[in-house]
Amino acid sequence: MSSISAHLKEIENVAAGRPSSRDGLVVNSWLRCLNEYRLDPSQRGNAYIVPGAKLREHQQQAEELIRISRAALDHLYEQVAGHNYVLLLSDARGVSVAHYRNPKLDPALRDAGLYLGADWAEDRTGTCAVGAALVSRQPITVHQDDHFDPAHIGLTCSAAPVFDTLGELVAVVDISQLRSAVPRSSQQLARHLVIATARRVELANLMSQAEGHWLLRLSRSPDFIDSDPEAALAVDGDGRIRGMTHAAFTALSQRIGLTEHSGTALIGQPIDTLFDLDADTLDQYRRGQSARDRILYAGGQPRLFASAEPPATRAPRTIRRPVAEPRADMPASLARLTGGDETMTRLARRAARFAQRDLPVLIQGETGTGKEVLARAVHAARSHPGPFVAVNCAAIPEHLIESELFGYAPNAFTGAARGGKRGLIEAAHGGTLFLDEIGDMPLALQSRLLRVLAERCVTPVGALESRPVAIHLISATHAPLADRVARGEFREDLYYRLNAAVLKLPPLRERADFDALADTILDEIGAEHGERYQLSRAARRRLAAHHWPGNVRELRNALSVATALCEPPTIEVDDLPDEIGASTGRIGLEAQLAECGGNVSELARRLGVDRTTVHRRLKRLRTH
Ligand SMILES: Nc1ncnc2c1ncn2[C@@H]1O[C@H](COP(=O)(O)OP(=O)(O)OP(=O)(O)O)[C@@H](O)[C@H]1O
C-alpha cells in the first residue's frame, strides 16, 4: 500500500491525464470523483451508516430482492466466511440492505462501513467497489489504494451488479476484507465469486418471474446448464421474449447489433429473430435430452447449448426496481400478508394504522386463518416493537393462568418458587402481549386484565405492590366474543374495551389470493429445504376446489406433505394428501361440471385428467 502522500500524488497524475497502471474502471471512477462529484482526496470521510428508520425503509423496498437472493448469498458466504470476508448486498442506491459477517468483528466492521446500512454511493464515499459497480454497471475489484478516499485504503472489495429481468440495475453483491496482506491479483477469485453469485441471483429472479413462461437456459457447454447456466431467457407461449438475465442481454444484443443499453429492445421480440427456434419447437430442448439434441442453431449454425423448462403456473413475482417511495401506509410485515385479496388488503391497511396507536387490538378469525401471524405482523410494524409474548389462554390450565400471566411474589403460595416469578405480562413490558383465545380466559382474570389495561400496572399474585407495565395488547378469538358476553361468560366492560380496534381475518375459502398465498408458502417451504417447488396446473386446481376448513394452517400442512412426496420441482395431484381430493367428490364434481356447462371435455381439461377418467368418476360417484 502506498503512503497517503503517494496516493494523493497518483490521483493528481491521473487528474492531469498521465498514464496509469491502475484498472481502467478504477481510473474512470477517480476521474468522476474529481470532475463530477468534486471530492477532495485529501479530506478523509468516515464511513456513513444510514439511520435505523432509513435503513428499514431501504430494506422494505428491497424485501423481495433479499428473499430471492438468499440462497445464492448463503452459498457465497459459506465459501468465503473462513477467509474473513464480509458479504454485503446493496440496493441500487448503494445502501447495504443485507450483510453476512462474523459478529465478533462488528465494531471494526461498523467503523469501516462494512455493515448493514452503510451507504457506499460513489458520489458520497469516492471510489469503492459498490459505488463503482453501480455507476459502471460492471463487476470490479477495488483493492486498498484503488479507493479514492484515504480513509478506506485498508479495505479490499470486489463487487458485481445484479440486473432485473428487464435489464435495470437493482443491486450489488460485494465481498470485502478489512485488511489484506496480499496483492490485488489475489482478489481474482473473489471477483469470480461475486460475478457467479450475481448471475445466480438473476437466474433465481428470472425463475420466479418466468413462472407463466418457458425458461430457456443457455450455455456454451452442456455441463451445469440446468443448475448454473451462463444466461437465461423467459419466453411466453407465443414465442416472445419476456425477460432475461444480464448475460443474455449482453450476448444477444451484441448478436443483433444492439448496444448493451438498448438491450431492452429485445423484450417482446420473437425468439425466432435470434435462434432457429419458436414456441412450438421449445419443447425439443427440455431437460433429459442428450447434449447433442440440445444444440441451439441460429441461421443454420450451431451456437449454444439450450435447456428449456415449460411454464409453471404460479403468478409472476420478481425483483423490481423499487418505486421512489415505499407504500407509506403499509409496512412490509403487513404487506406480506396479502397477495391481492381485497379484504386482506383492507385489513392490512387497517392493521398498519392500529400499529401506530396504543390501542388494544382484537383479531377475529376461524381457526388457522393466521391470527398469530397477523399479531406478529402488527407487532413488527410498530416503530419500537420490543418483545412479543404469546399466551394461548385455552392451552394453559385454568389454575395456572393467573400465575403465568401475573407472576407471583416470593413465597406467595406453597409450591411456588422461593424467589417469586415474573409473569408474562411483565415479560411483555415495552412490547406486545398476544392473548390467543381470550374468550377462554376465566372471568376473575378478565377483571384483573381490565385493571392492567386501565391502570397500566400489574400486581403479582400475593404481592402488595403493583408494578408499572407498558404493553400493547393484541387478543384473538375464533368465535365472536359477543356470544360469550350474552351467555355471561365474558365481561361486558372488557369486551367493549377490546372490541374497538377489530381485525377480522377472512376464511381461506373466501380469499381471492389463494394462488399467491399457496406460492408464498411453497417459497417458504422451499427456502427451508433449499429447493424450488411449483404446483402443476391440475394440482393447483385441485387445491383451489378444496373447502379448507382448517384454513391457512391446513393449506400449509397439505403443501408440506406434497413437497415431501413430490419429485421436485413440480407437485402433481398425486402428491397432495388424500383429504384434498375429497372435495372433488360427487357434489364438487357435479358443481364443477355445471360450471363447465356440462361439457365433460372442458372439465377434464380443468382437472388435468382425460375425459374417460371424468366419465368413470362421475359414473362411480352417481351410482354410490
Ligand atoms: N399469510 C400467511 N403466510 C404464510 N403462512 C401463514 C400465513 N398465515 C398463516 N400462516 C400459517 O398458517 C398456520 C396457522 O397460523 P396461525 O397460528 O397464525 O393461525 P391462528 O388463526 O392463530 O390459529 P389458531 O386459531 O389455531 O390459534 C401457521 O403455520 C402459519 O405459519
# chains A, B, ... in the order shown; residues from 1 in each chain; ligands from 1

$ residues_near_ligand --ligand "ligand 1" --cutoff "8 Å" --atoms "only C-alpha atoms and all ligand atoms" --output "PyMOL selection string"
chain A and resi 336-338+365-375+392+436-437+476-478+517+520-521+524+551-557

$ residues_around --residues "Ala390 in chain A" --least-positions-apart "4" --cutoff "9 Å" --atoms "only C-alpha atoms" --output "ChimeraX atom specification"
/A:372,424,428,432-436

$ select_by_dssp --residues "range 412-573 of chain A" --states "strand (DSSP E or B)" --output "PDB file with C-alpha atoms, in the first residue's frame"
ATOM      1  CA  LYS A 421     -41.752 -15.360  39.407  1.00  0.00           C
ATOM      2  CA  ARG A 422     -42.143 -12.669  36.827  1.00  0.00           C
ATOM      3  CA  GLY A 431     -43.614  -4.777  23.671  1.00  0.00           C
ATOM      4  CA  THR A 432     -46.690  -6.807  22.754  1.00  0.00           C
ATOM      5  CA  LEU A 433     -48.714  -9.294  24.794  1.00  0.00           C
ATOM      6  CA  PHE A 434     -50.665 -11.596  22.481  1.00  0.00           C
ATOM      7  CA  LEU A 435     -53.551 -13.338  24.233  1.00  0.00           C
ATOM      8  CA  ASP A 436     -54.849 -16.041  21.931  1.00  0.00           C
ATOM      9  CA  CYS A 457     -49.676  -1.717  36.231  1.00  0.00           C
ATOM     10  CA  VAL A 458     -49.615  -5.332  37.280  1.00  0.00           C
ATOM     11  CA  VAL A 461     -50.177 -12.958  42.952  1.00  0.00           C
ATOM     12  CA  ARG A 467     -45.543  -2.619  39.213  1.00  0.00           C
ATOM     13  CA  PRO A 468     -45.924  -0.364  36.191  1.00  0.00           C
ATOM     14  CA  ILE A 471     -47.738  -3.273  26.925  1.00  0.00           C
ATOM     15  CA  HIS A 472     -49.577  -3.318  23.642  1.00  0.00           C
ATOM     16  CA  LEU A 473     -52.341  -5.895  23.972  1.00  0.00           C
ATOM     17  CA  ILE A 474     -53.383  -7.925  20.958  1.00  0.00           C
ATOM     18  CA  SER A 475     -56.010 -10.531  21.663  1.00  0.00           C
ATOM     19  CA  ALA A 476     -57.543 -13.100  19.371  1.00  0.00           C
ATOM     20  CA  THR A 477     -60.670 -15.186  19.287  1.00  0.00           C
ATOM     21  CA  ALA A 501     -59.940  -1.995  17.081  1.00  0.00           C
ATOM     22  CA  VAL A 502     -61.047  -5.226  15.422  1.00  0.00           C
ATOM     23  CA  LEU A 503     -59.319  -7.062  12.599  1.00  0.00           C
ATOM     24  CA  LYS A 504     -61.436  -9.781  11.018  1.00  0.00           C
ATOM     25  CA  GLN A 534     -44.275 -25.381  -8.065  1.00  0.00           C
ATOM     26  CA  LEU A 535     -47.790 -26.669  -8.487  1.00  0.00           C
ATOM     27  CA  GLU A 567     -40.415 -35.131  -7.444  1.00  0.00           C
ATOM     28  CA  THR A 570     -43.398 -29.999  -9.604  1.00  0.00           C
ATOM     29  CA  ILE A 571     -46.185 -31.013  -7.235  1.00  0.00           C
TER      30      ILE A 571
END

$ atom_distance --atom1 "CA of Arg137 in chain A" --atom2 "CA of Pro161 in chain A"
6.1 Å

$ closest_residue --among "A:Ile175, A:Ala92, A:Ala558, A:Ala72" --to "Gly530 in chain A" --atoms "only C-alpha atoms"
A:Ala72

$ select_by_dssp --residues "range 247-390 of chain A" --states "alpha helix (DSSP H)" --output "ChimeraX atom specification"
/A:247-255,332-335,342-355,371-380

$ residues_around --residues "Val172 in chain A" --least-positions-apart "4" --cutoff "6 Å" --atoms "only C-alpha atoms" --output "mmCIF file with N, CA and C atoms, in the first residue's frame"
data_model
loop_
_atom_site.group_PDB
_atom_site.id
_atom_site.type_symbol
_atom_site.label_atom_id
_atom_site.label_comp_id
_atom_site.auth_asym_id
_atom_site.auth_seq_id
_atom_site.Cartn_x
_atom_site.Cartn_y
_atom_site.Cartn_z
ATOM 1 N N LEU A 89 -25.065 -7.046 0.569
ATOM 2 C CA LEU A 89 -25.960 -6.874 -0.578
ATOM 3 C C LEU A 89 -26.441 -5.428 -0.509
ATOM 4 N N SER A 90 -26.140 -4.660 -1.549
ATOM 5 C CA SER A 90 -26.549 -3.251 -1.538
ATOM 6 C C SER A 90 -27.663 -3.038 -2.541
ATOM 7 N N ALA A 160 -20.203 -7.052 -7.798
ATOM 8 C CA ALA A 160 -20.806 -7.274 -9.115
ATOM 9 C C ALA A 160 -22.246 -6.786 -9.103
ATOM 10 N N PRO A 161 -22.675 -6.124 -10.172
ATOM 11 C CA PRO A 161 -24.052 -5.629 -10.215
ATOM 12 C C PRO A 161 -25.048 -6.748 -10.512
ATOM 13 N N VAL A 162 -26.263 -6.563 -10.040
ATOM 14 C CA VAL A 162 -27.360 -7.509 -10.310
ATOM 15 C C VAL A 162 -28.425 -6.744 -11.091
#
